[in-house]
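The structure file run-v8.cif is reproduced below (mmCIF, C-alpha atoms).
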```cif
data_entry
#
loop_
_atom_site.label_atom_id
_atom_site.label_comp_id
_atom_site.auth_asym_id
_atom_site.auth_seq_id
_atom_site.Cartn_x
_atom_site.Cartn_y
_atom_site.Cartn_z
CA ALA A 2 106.02 118.79 76.82
CA LEU A 3 108.23 121.70 75.80
CA ALA A 4 107.16 121.41 72.16
CA ALA A 5 103.53 121.48 73.23
CA ASP A 6 104.26 124.74 75.06
CA GLY A 7 105.56 126.28 71.84
CA TRP A 8 109.30 125.79 72.30
CA GLU A 9 111.44 124.99 69.25
CA VAL A 10 113.19 121.91 70.59
CA THR A 11 116.45 120.26 69.54
CA ALA A 12 117.16 116.95 71.28
CA ALA A 13 120.89 116.26 71.34
CA SER A 14 122.38 112.87 72.15
CA ARG A 15 125.25 110.62 71.14
CA ARG A 16 123.05 108.70 68.71
CA ALA A 17 120.83 111.59 67.61
CA GLY A 18 117.90 109.23 68.07
CA ARG A 19 114.20 109.96 68.20
CA ASP A 20 111.43 108.72 70.42
CA ARG A 21 108.30 107.73 68.54
CA GLY A 22 106.24 109.83 70.95
CA TRP A 23 107.95 113.10 70.05
CA PRO A 24 106.19 115.64 67.84
CA GLU A 25 107.55 115.77 64.29
CA GLU A 26 108.86 119.30 64.76
CA VAL A 27 111.38 118.19 67.39
CA ARG A 28 114.81 118.31 65.76
CA THR A 29 117.69 116.00 66.66
CA ALA A 30 121.45 116.49 66.79
CA ARG A 31 124.38 114.17 67.42
CA LEU A 32 126.39 115.30 70.44
CA ASP A 33 128.96 114.03 72.89
CA ARG A 34 128.55 116.63 75.61
CA ASP A 35 132.15 116.15 76.74
CA ASP A 36 133.22 117.70 73.42
CA ASP A 37 133.27 121.45 74.16
CA ALA A 38 133.31 122.43 70.50
CA ALA A 39 130.39 120.15 69.65
CA LEU A 40 128.34 121.50 72.54
CA GLY A 41 129.07 125.06 71.48
CA ALA A 42 128.05 124.22 67.91
CA VAL A 43 124.67 122.89 69.03
CA VAL A 44 124.05 126.05 71.06
CA GLY A 45 125.12 128.13 68.06
CA ASP A 46 124.42 131.85 68.32
CA GLY A 47 122.22 131.28 71.34
CA VAL A 48 119.26 129.46 72.86
CA ASP A 49 116.65 130.48 75.39
CA LEU A 50 116.99 127.22 77.35
CA ILE A 51 119.33 124.30 77.91
CA VAL A 52 117.98 121.17 79.60
CA ASP A 53 120.96 119.10 80.75
CA MET A 54 120.14 115.52 81.69
CA VAL A 55 123.72 114.23 81.92
CA ALA A 56 125.71 116.84 83.86
CA PHE A 57 127.68 115.09 86.59
CA ASP A 58 130.49 117.28 87.91
CA ALA A 59 132.22 120.64 88.10
CA ALA A 60 133.75 120.17 84.65
CA HIS A 61 130.28 119.95 83.12
CA ALA A 62 129.27 123.03 85.07
CA GLY A 63 132.28 124.77 83.59
CA GLN A 64 131.14 123.87 80.10
CA LEU A 65 127.78 125.49 80.72
CA ALA A 66 129.42 128.54 82.32
CA LYS A 67 131.40 129.15 79.13
CA LEU A 68 128.11 129.30 77.23
CA ALA A 69 126.33 131.56 79.72
CA ASP A 70 126.34 134.56 77.41
CA ARG A 71 124.49 132.51 74.79
CA VAL A 72 121.95 130.79 77.06
CA GLY A 73 118.84 132.36 78.56
CA SER A 74 118.45 129.82 81.37
CA ALA A 75 119.10 126.18 82.19
CA VAL A 76 117.42 123.26 83.91
CA VAL A 77 119.91 120.68 85.13
CA ILE A 78 119.20 117.28 86.65
CA SER A 79 120.95 116.70 89.96
CA SER A 80 120.32 113.98 92.52
CA ALA A 81 118.86 113.44 95.96
CA ALA A 82 122.08 111.52 96.70
CA VAL A 83 123.65 114.87 97.65
CA TYR A 84 122.05 114.95 101.11
CA GLU A 85 123.72 113.79 104.33
CA ASP A 86 122.28 113.47 107.82
CA GLU A 87 123.42 115.19 111.00
CA HIS A 88 126.08 112.52 111.56
CA GLY A 89 127.60 112.85 108.09
CA HIS A 90 125.91 109.75 106.75
CA GLY A 91 124.50 109.73 103.23
CA PHE A 92 124.15 107.55 100.17
CA ASP A 93 127.94 107.22 99.99
CA THR A 94 128.06 105.57 103.44
CA GLN A 95 125.13 103.19 102.90
CA GLY A 96 127.29 100.05 102.91
CA GLU A 97 129.31 100.96 105.99
CA PRO A 98 128.36 99.65 109.47
CA GLY A 99 125.97 102.19 110.95
CA GLY A 100 126.36 104.32 107.85
CA ALA A 101 122.74 104.41 106.71
CA PRO A 102 121.48 108.01 106.81
CA ARG A 103 118.54 109.02 108.95
CA TYR A 104 116.89 112.03 107.32
CA PRO A 105 113.96 114.15 108.45
CA VAL A 106 110.63 113.27 106.81
CA PRO A 107 110.02 115.03 104.54
CA LEU A 108 113.52 116.13 103.55
CA PRO A 109 113.66 119.79 102.41
CA GLU A 110 116.05 121.31 99.88
CA THR A 111 117.56 123.44 102.67
CA TRP A 112 118.95 120.34 104.37
CA ARG A 113 122.72 119.87 104.48
CA THR A 114 124.64 118.12 101.70
CA VAL A 115 127.94 116.33 101.45
CA ALA A 116 131.00 118.44 100.68
CA PRO A 117 131.80 119.00 97.00
CA GLY A 118 134.55 116.92 95.48
CA GLU A 119 135.53 114.43 92.78
CA GLY A 120 135.48 111.27 94.89
CA THR A 121 131.93 110.00 94.51
CA TYR A 122 128.74 110.46 92.56
CA ALA A 123 127.24 112.53 95.39
CA THR A 124 130.26 114.79 95.91
CA ARG A 125 130.53 115.39 92.16
CA LYS A 126 126.87 116.37 91.97
CA VAL A 127 127.34 118.86 94.81
CA ALA A 128 130.34 120.35 93.01
CA LEU A 129 128.17 120.67 89.89
CA GLU A 130 125.39 122.37 91.85
CA ARG A 131 127.63 124.91 93.54
CA GLU A 132 129.41 125.91 90.35
CA LEU A 133 126.10 126.45 88.57
CA LEU A 134 124.44 128.32 91.43
CA ALA A 135 127.43 130.67 91.51
CA LEU A 136 126.54 131.85 87.99
CA GLY A 137 123.62 133.83 89.45
CA GLU A 138 122.16 136.28 86.97
CA ARG A 139 124.68 135.35 84.27
CA MET A 140 122.60 132.23 83.66
CA PRO A 141 119.64 131.32 85.88
CA VAL A 142 119.74 127.60 86.67
CA THR A 143 117.06 125.36 88.15
CA LEU A 144 118.61 122.23 89.70
CA LEU A 145 116.26 119.27 90.10
CA ARG A 146 117.26 116.75 92.77
CA ALA A 147 115.64 113.55 91.55
CA GLY A 148 114.86 110.57 93.76
CA ALA A 149 114.45 106.95 92.64
CA VAL A 150 113.80 107.67 88.96
CA HIS A 151 111.44 105.30 87.16
CA GLY A 152 109.91 104.91 83.74
CA PRO A 153 110.51 103.17 80.40
CA TYR A 154 114.07 103.32 78.99
CA SER A 155 115.73 103.48 82.41
CA ARG A 156 119.23 101.98 82.47
CA THR A 157 118.76 100.99 86.13
CA PRO A 158 115.08 100.11 86.57
CA ARG A 159 114.53 99.12 90.19
CA GLU A 160 111.26 97.43 89.19
CA LEU A 161 113.37 94.81 87.43
CA TYR A 162 113.81 93.17 90.83
CA PHE A 163 110.15 92.12 91.02
CA VAL A 164 109.35 91.80 87.32
CA LYS A 165 112.15 89.32 86.61
CA ARG A 166 111.30 87.24 89.65
CA ASN A 167 107.70 86.97 88.53
CA LEU A 168 108.73 85.99 85.01
CA ASP A 169 111.10 83.38 86.49
CA GLY A 170 108.24 81.84 88.47
CA ARG A 171 109.59 82.86 91.87
CA ARG A 172 106.58 82.98 94.17
CA THR A 173 108.38 83.58 97.47
CA ARG A 174 110.50 86.62 98.18
CA VAL A 175 112.36 87.94 101.20
CA LEU A 176 112.34 91.61 102.14
CA ALA A 177 114.63 93.11 104.77
CA TYR A 178 113.63 95.91 107.15
CA GLY A 179 110.13 94.46 107.41
CA GLY A 180 109.38 95.49 103.82
CA ARG A 181 108.87 99.04 105.11
CA SER A 182 111.73 100.67 103.18
CA ARG A 183 110.72 103.83 101.35
CA PHE A 184 112.95 105.47 98.76
CA HIS A 185 110.88 108.27 97.23
CA PRO A 186 110.20 107.48 93.56
CA THR A 187 110.45 110.05 90.77
CA SER A 188 108.56 109.52 87.53
CA VAL A 189 110.20 110.77 84.36
CA ALA A 190 106.82 112.33 83.54
CA ASN A 191 106.91 114.40 86.73
CA VAL A 192 110.51 115.43 86.02
CA ALA A 193 109.33 116.57 82.59
CA GLU A 194 106.59 118.65 84.18
CA LEU A 195 109.09 120.32 86.49
CA VAL A 196 111.34 121.05 83.50
CA ARG A 197 108.41 122.54 81.61
CA LEU A 198 107.43 124.79 84.50
CA ALA A 199 111.00 125.90 85.26
CA ALA A 200 111.55 126.72 81.57
CA ALA A 201 108.65 129.17 81.71
CA ARG A 202 109.84 130.70 85.00
CA PRO A 203 113.64 131.00 84.86
CA GLY A 204 115.36 131.39 88.20
CA THR A 205 118.32 130.24 90.28
CA ARG A 206 116.99 127.55 92.59
CA VAL A 207 117.31 124.00 93.88
CA LEU A 208 114.19 121.83 93.94
CA ASN A 209 113.44 118.27 94.94
CA ALA A 210 111.85 116.22 92.17
CA ALA A 211 109.60 113.39 93.35
CA ASP A 212 106.19 111.77 92.98
CA PRO A 213 103.22 112.52 95.23
CA ASP A 214 103.16 108.94 96.61
CA THR A 215 105.87 107.09 98.54
CA PRO A 216 105.04 103.36 98.57
CA THR A 217 107.03 100.91 100.65
CA VAL A 218 109.05 98.21 98.93
CA ALA A 219 106.44 95.64 99.99
CA GLU A 220 103.69 97.76 98.45
CA ILE A 221 105.66 98.10 95.22
CA GLY A 222 106.03 94.32 95.03
CA ALA A 223 102.29 93.86 95.57
CA MET A 224 101.46 96.43 92.87
CA ILE A 225 103.74 94.69 90.35
CA ASP A 226 102.21 91.33 91.24
CA ALA A 227 98.74 92.71 90.57
CA LEU A 228 99.79 94.15 87.21
CA MET A 229 101.37 90.84 86.18
CA GLY A 230 98.49 88.73 87.49
CA VAL A 231 100.53 86.67 89.98
CA GLU A 232 100.41 85.99 93.69
CA SER A 233 103.54 85.92 95.83
CA GLU A 234 104.36 85.08 99.42
CA THR A 235 106.46 87.78 101.05
CA VAL A 236 108.72 86.82 103.94
CA LEU A 237 109.41 89.92 106.01
CA VAL A 238 112.63 90.15 108.02
CA ASP A 239 113.02 92.78 110.70
CA GLY A 240 116.35 94.51 110.38
CA ALA A 241 119.11 94.10 107.84
CA PRO A 242 119.27 91.41 105.14
CA PRO A 243 119.64 88.05 106.94
CA ALA A 244 122.27 86.65 104.57
CA GLU A 245 124.34 87.71 101.60
CA ASN A 246 122.13 88.32 98.54
CA VAL A 247 118.98 87.65 100.56
CA GLY A 248 116.36 90.31 101.27
CA GLN A 249 118.20 93.21 99.67
CA THR A 250 116.41 95.16 96.92
CA PRO A 251 117.19 98.39 95.05
CA TRP A 252 114.85 100.17 97.48
CA SER A 253 116.08 98.55 100.71
CA LEU A 254 116.99 101.18 103.29
CA PRO A 255 116.70 100.97 107.08
CA HIS A 256 115.23 104.48 107.31
CA PRO A 257 112.76 106.26 105.00
CA VAL A 258 113.98 108.70 102.35
CA VAL A 259 111.07 111.00 101.53
CA PHE A 260 111.49 114.37 99.84
CA GLY A 261 109.52 117.52 100.52
CA MET A 262 107.89 119.07 97.45
CA ALA A 263 106.58 122.29 98.99
CA ALA A 264 109.25 124.41 97.30
CA ALA A 265 108.33 123.15 93.83
CA ARG A 266 104.68 123.96 94.49
CA SER A 267 105.57 127.42 95.80
CA GLU A 268 108.22 128.33 93.21
CA LEU A 269 106.64 126.82 90.10
CA GLY A 270 103.04 126.00 90.92
CA TYR A 271 103.98 122.35 90.44
CA VAL A 272 101.18 119.77 90.35
CA PRO A 273 102.27 116.17 89.65
CA VAL A 274 101.04 114.77 86.34
CA THR A 275 101.14 111.16 87.55
CA THR A 276 101.66 108.97 90.60
CA TYR A 277 104.01 106.05 91.04
CA ALA A 278 101.04 103.70 91.08
CA ASP A 279 99.60 105.08 87.84
CA ALA A 280 102.93 105.19 86.00
CA LEU A 281 103.95 101.68 87.04
CA ALA A 282 101.97 99.80 84.37
CA GLY A 283 103.99 101.37 81.56
CA THR A 284 107.27 100.49 83.25
CA VAL A 285 106.22 96.88 83.88
CA GLU A 286 105.05 96.43 80.29
CA TRP A 287 108.32 97.82 78.94
CA LEU A 288 110.43 95.70 81.29
CA THR A 289 108.50 92.54 80.43
CA GLY A 290 109.18 93.10 76.75
CA ARG A 291 112.89 93.72 77.32
CA LEU A 292 113.31 90.62 79.49
CA ARG A 293 111.58 88.40 76.93
CA ALA A 294 113.95 89.65 74.25
CA ALA A 295 117.26 89.41 76.13
CA GLU A 296 118.94 88.16 79.28
CA TRP A 297 118.62 90.69 82.07
CA ALA A 298 122.36 91.27 82.40
CA ASP A 299 122.64 91.94 78.67
CA ALA A 300 119.59 94.19 78.61
CA PHE A 301 120.61 96.15 81.71
CA PRO A 302 124.40 96.15 82.18
CA ALA A 303 124.13 99.25 84.37
CA MET A 304 122.04 97.21 86.84
CA VAL A 305 124.84 94.64 87.03
CA ALA A 306 127.34 97.43 87.68
CA ALA A 307 125.13 98.98 90.37
CA TYR A 308 123.88 95.88 92.19
CA GLY A 309 125.81 92.87 90.93
CA HIS A 310 124.52 89.47 89.88
CA GLY A 311 123.52 88.78 93.50
CA LEU A 312 120.28 90.64 92.87
CA PHE A 313 118.87 87.33 91.60
CA ASP A 314 120.84 84.82 93.67
CA TYR A 315 118.00 82.33 93.95
CA ALA A 316 120.28 79.61 95.38
CA ALA A 317 121.23 81.77 98.36
CA GLU A 318 117.60 82.72 98.88
CA ASP A 319 116.43 79.08 98.75
CA ALA A 320 119.15 78.01 101.18
CA TRP A 321 118.14 80.66 103.69
CA LEU A 322 114.44 79.87 103.32
CA ALA A 323 115.10 76.17 103.86
CA ALA A 324 117.19 76.82 106.98
CA ARG A 325 115.02 79.46 108.65
CA PRO A 326 113.17 78.44 111.78
CA THR A 327 109.42 77.97 111.39
CA ALA A 328 106.71 78.54 113.95
#
```

Have the structure of the file written as structure tokens, please.
Amino acid sequence: ALAADGWEVTAASRRAGRDRGWPEEVRTARLDRDDDAALGAVVGDGVDLIVDMVAFDAAHAGQLAKLADRVGSAVVISSAAVYEDEHGHGFDTQGEPGGAPRYPVPLPETWRTVAPGEGTYATRKVALERELLALGERMPVTLLRAGAVHGPYSRTPRELYFVKRNLDGRRTRVLAYGGRSRFHPTSVANVAELVRLAAARPGTRVLNAADPDTPTVAEIGAMIDALMGVESETVLVDGAPPAENVGQTPWSLPHPVVFGMAAARSELGYVPVTTYADALAGTVEWLTGRLRAAEWADAFPAMVAAYGHGLFDYAAEDAWLAARPTA
């Protein structure tokens, strides 16, 4: 997208790899961003824009601050995990009794966040944000708080939950919270559009980054079924998962998490380039190919780290289904 707008783009990564969809003029560079000298070498005498996809904490903010005199502006990916509700509950307290956050719908960027720190993903992201916002005119920074990111090449594709089950021939699934859970999805294509717009309009700002549609987990399952040409029975359970490893999905939340996008429209003139529903086919096709080539845990080790092997505990699910009372 940036190349199409006339930017001279260098894509830096540990492997210096290319995507086959990139224009030929996009250059590549090998970079471990934790290496200060290597990062400085890539920036060289100066660049008009840095897009930082992997900044996680105050130390990374400090790296960028050292380069401020050589950088026109930056767009940095943050996370919607930074928010907390009025009782101090957020994504960090999800697994605690009564710890699920209850946010306003939609959730604006002005809403409170957790305190900065080094303890968790969320607190580190807040520390990153505050350090970068403090740069002010030295280096304008747009921070994009992404929701449930989706798209090909994801290390933690939530859609794996339904795609693998369909490929395994599972035709009954259990969904907690009545299947009504909503965790606002964010397409990589819409993130790219926000990056493109922010690059053309440098400023110091925080913006939510999310799709125009917010399907429930039950609706997502139905959409994936339709794309894969299968039919499934969905058993809906009111309230929390009824047993260990039963009814819990990567989207399962007791209260909706929906992000307001008015600021992006106002600040940047943002118009989404896709919807979750329209982007889903590409994700399902990519996932199907990966799962046919390798075991899911080998293909997606980050999913194992995030959710454990219990994500596909079919024995526990079958035991609960067999024991549940029937009408």

Practice task
Dump as a PyMOL selection string all residues having an atom at most 6 Å from (119.7, 121.2, 77.5), computed in the file's coordinates with all atoms listed in the file.
Solution key: chain A and resi 51-53

Could those selected residues go to a file with C-alpha atoms, as a PDB file, in the coordinates of the input?
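Writing done, so here's part.pdb:
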```pdb
ATOM      1  CA  ILE A  51     119.330 124.300  77.910  1.00  0.00           C
ATOM      2  CA  VAL A  52     117.980 121.170  79.600  1.00  0.00           C
ATOM      3  CA  ASP A  53     120.960 119.100  80.750  1.00  0.00           C
TER       4      ASP A  53
END
```

Problem - Nearest-residue call for Trp252 (chain A), choices A:His310, A:Arg197, A:Arg325, A:Arg183, using all atoms listed in the file - result: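 Closest to Trp252 (chain A), using all atoms listed in the file: A:Arg183.
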
Can you list, as a PDB file with C-alpha atoms, in the coordinates of the input, every protein, DNA or RNA residue that comes within 12 Å of Ala223 (chain A) when you count all atoms listed in the file, leaving out same-chain residues fewer than 6 positions away?
```pdb
ATOM      1  CA  GLU A 160     111.260  97.430  89.190  1.00  0.00           C
ATOM      2  CA  PHE A 163     110.150  92.120  91.020  1.00  0.00           C
ATOM      3  CA  VAL A 164     109.350  91.800  87.320  1.00  0.00           C
ATOM      4  CA  ASN A 167     107.700  86.970  88.530  1.00  0.00           C
ATOM      5  CA  ARG A 172     106.580  82.980  94.170  1.00  0.00           C
ATOM      6  CA  ARG A 174     110.500  86.620  98.180  1.00  0.00           C
ATOM      7  CA  GLY A 180     109.380  95.490 103.820  1.00  0.00           C
ATOM      8  CA  PRO A 216     105.040 103.360  98.570  1.00  0.00           C
ATOM      9  CA  THR A 217     107.030 100.910 100.650  1.00  0.00           C
ATOM     10  CA  MET A 229     101.370  90.840  86.180  1.00  0.00           C
ATOM     11  CA  GLY A 230      98.490  88.730  87.490  1.00  0.00           C
ATOM     12  CA  VAL A 231     100.530  86.670  89.980  1.00  0.00           C
ATOM     13  CA  GLU A 232     100.410  85.990  93.690  1.00  0.00           C
ATOM     14  CA  SER A 233     103.540  85.920  95.830  1.00  0.00           C
ATOM     15  CA  GLU A 234     104.360  85.080  99.420  1.00  0.00           C
ATOM     16  CA  THR A 235     106.460  87.780 101.050  1.00  0.00           C
ATOM     17  CA  ALA A 278     101.040 103.700  91.080  1.00  0.00           C
ATOM     18  CA  LEU A 281     103.950 101.680  87.040  1.00  0.00           C
TER      19      LEU A 281
END
```

Exercise for the section: Evaluate the PyMOL selection byres ((chain A and resi 14) around 10) and record the selected residues as an NGL selection string, following the chain and residue labels used in the document. Expected result: :A and (11-13 or 15-19 or 29-34 or 55)

Counting only C-alpha atoms, select every polymer residue within 12 Å of (129.7, 114.6, 96.1) as defined in the file's coordinates, and provide the selection as a PDB file with C-alpha atoms, in the frame of the given file.
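As a result, part.pdb now contains:
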```
ATOM      1  CA  PHE A  57     127.680 115.090  86.590  1.00  0.00           C
ATOM      2  CA  ASP A  58     130.490 117.280  87.910  1.00  0.00           C
ATOM      3  CA  ALA A  59     132.220 120.640  88.100  1.00  0.00           C
ATOM      4  CA  SER A  79     120.950 116.700  89.960  1.00  0.00           C
ATOM      5  CA  SER A  80     120.320 113.980  92.520  1.00  0.00           C
ATOM      6  CA  ALA A  81     118.860 113.440  95.960  1.00  0.00           C
ATOM      7  CA  ALA A  82     122.080 111.520  96.700  1.00  0.00           C
ATOM      8  CA  VAL A  83     123.650 114.870  97.650  1.00  0.00           C
ATOM      9  CA  TYR A  84     122.050 114.950 101.110  1.00  0.00           C
ATOM     10  CA  GLU A  85     123.720 113.790 104.330  1.00  0.00           C
ATOM     11  CA  GLY A  91     124.500 109.730 103.230  1.00  0.00           C
ATOM     12  CA  PHE A  92     124.150 107.550 100.170  1.00  0.00           C
ATOM     13  CA  ASP A  93     127.940 107.220  99.990  1.00  0.00           C
ATOM     14  CA  THR A  94     128.060 105.570 103.440  1.00  0.00           C
ATOM     15  CA  THR A 114     124.640 118.120 101.700  1.00  0.00           C
ATOM     16  CA  VAL A 115     127.940 116.330 101.450  1.00  0.00           C
ATOM     17  CA  ALA A 116     131.000 118.440 100.680  1.00  0.00           C
ATOM     18  CA  PRO A 117     131.800 119.000  97.000  1.00  0.00           C
ATOM     19  CA  GLY A 118     134.550 116.920  95.480  1.00  0.00           C
ATOM     20  CA  GLU A 119     135.530 114.430  92.780  1.00  0.00           C
ATOM     21  CA  GLY A 120     135.480 111.270  94.890  1.00  0.00           C
ATOM     22  CA  THR A 121     131.930 110.000  94.510  1.00  0.00           C
ATOM     23  CA  TYR A 122     128.740 110.460  92.560  1.00  0.00           C
ATOM     24  CA  ALA A 123     127.240 112.530  95.390  1.00  0.00           C
ATOM     25  CA  THR A 124     130.260 114.790  95.910  1.00  0.00           C
ATOM     26  CA  ARG A 125     130.530 115.390  92.160  1.00  0.00           C
ATOM     27  CA  LYS A 126     126.870 116.370  91.970  1.00  0.00           C
ATOM     28  CA  VAL A 127     127.340 118.860  94.810  1.00  0.00           C
ATOM     29  CA  ALA A 128     130.340 120.350  93.010  1.00  0.00           C
ATOM     30  CA  LEU A 129     128.170 120.670  89.890  1.00  0.00           C
ATOM     31  CA  GLU A 130     125.390 122.370  91.850  1.00  0.00           C
ATOM     32  CA  ARG A 131     127.630 124.910  93.540  1.00  0.00           C
TER      33      ARG A 131
END
```

Fill in the blank from the handout: Counting all atoms listed in the file, the residue among A:Met140, A:Leu208, A:Met224, A:Val76 that lies closest to Ser267 (chain A) is A:Leu208

Close residues, region 293-307 of chain A itself excluded, 8 Å, all atoms listed in the file, min 2 positions apart in chain, as a PDB file with C-alpha atoms, keeping the file's coordinate frame:
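Result went into out01.pdb, see below:
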```pdb
ATOM      1  CA  ARG A 156     119.230 101.980  82.470  1.00  0.00           C
ATOM      2  CA  THR A 157     118.760 100.990  86.130  1.00  0.00           C
ATOM      3  CA  PRO A 158     115.080 100.110  86.570  1.00  0.00           C
ATOM      4  CA  THR A 289     108.500  92.540  80.430  1.00  0.00           C
ATOM      5  CA  GLY A 290     109.180  93.100  76.750  1.00  0.00           C
ATOM      6  CA  ARG A 291     112.890  93.720  77.320  1.00  0.00           C
ATOM      7  CA  GLY A 309     125.810  92.870  90.930  1.00  0.00           C
ATOM      8  CA  HIS A 310     124.520  89.470  89.880  1.00  0.00           C
TER       9      HIS A 310
END
```

Problem - Residues matched by the PyMOL selection byres ((chain A and resi 275) around 12), written as number ranges by chain - result: A: 151-152, 186-194, 211-214, 271-274, 276-283

Exercise for the section: Return the single residue from A:Glu318, A:Pro24, A:Leu228, A:Thr284 that is closest to Ser155 (chain A), with distances computed using all atoms listed in the file. Expected result: A:Thr284

Completion exercise
Min atom-atom distance to Phe184 (chain A) from the set A:His256, A:Arg139, A:Arg113, A:Arg171, counting all atoms listed in the file, belongs to A:His256

Practice task
Would you mind reading off the distance between CA of Ala66 (chain A) and CA of Leu136 (chain A), one decimal, in Å?
Solution key: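 That distance, rounded to one decimal, is 7.2 Å.
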
Problem - Interatomic distance (Å, one decimal) between CA of Ala219 (chain A) and CA of Ala320 (chain A) - result: 21.8 Å

Handout entry: Residues in the PyMOL selection byres ((chain A and resi 109) around 9), expressed as a PyMOL selection string
Key = chain A and resi 105-108+110-112+208-209+260-264

Practice task
Rank A:Val48, A:Ala317, A:Ala39, A:Val259 by their smallest atom-to-atom distance to Arg71 (chain A), using only C-alpha atoms, and report the top residue only.
Solution key: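 Once distances to Arg71 (chain A) are computed over only C-alpha atoms, the minimum belongs to A:Val48.
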
Practice task
Could you tell me how far CA of Glu97 (chain A) lies from CA of Asn246 (chain A), in Å and to one decimal?
Solution key: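 According to the coordinates, CA of Glu97 (chain A) and CA of Asn246 (chain A) are separated by 16.3 Å.
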
Practice task
Between A:Ala227, A:Ala60, A:Val142, A:Val27, single out the one closest to Ser74 (chain A), counting only C-alpha atoms.
Solution key: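 Among the listed residues, the smallest separation from Ser74 (chain A) belongs to A:Val142.
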
Practice task
Show which residues sit within 9 Å of Gly204 (chain A), as a VMD selection string. Count only C-alpha atoms, and ignore same-chain residues fewer than 3 positions away.
Solution key: chain A and resid 74 to 75 137 to 138 140 to 143 199 to 200
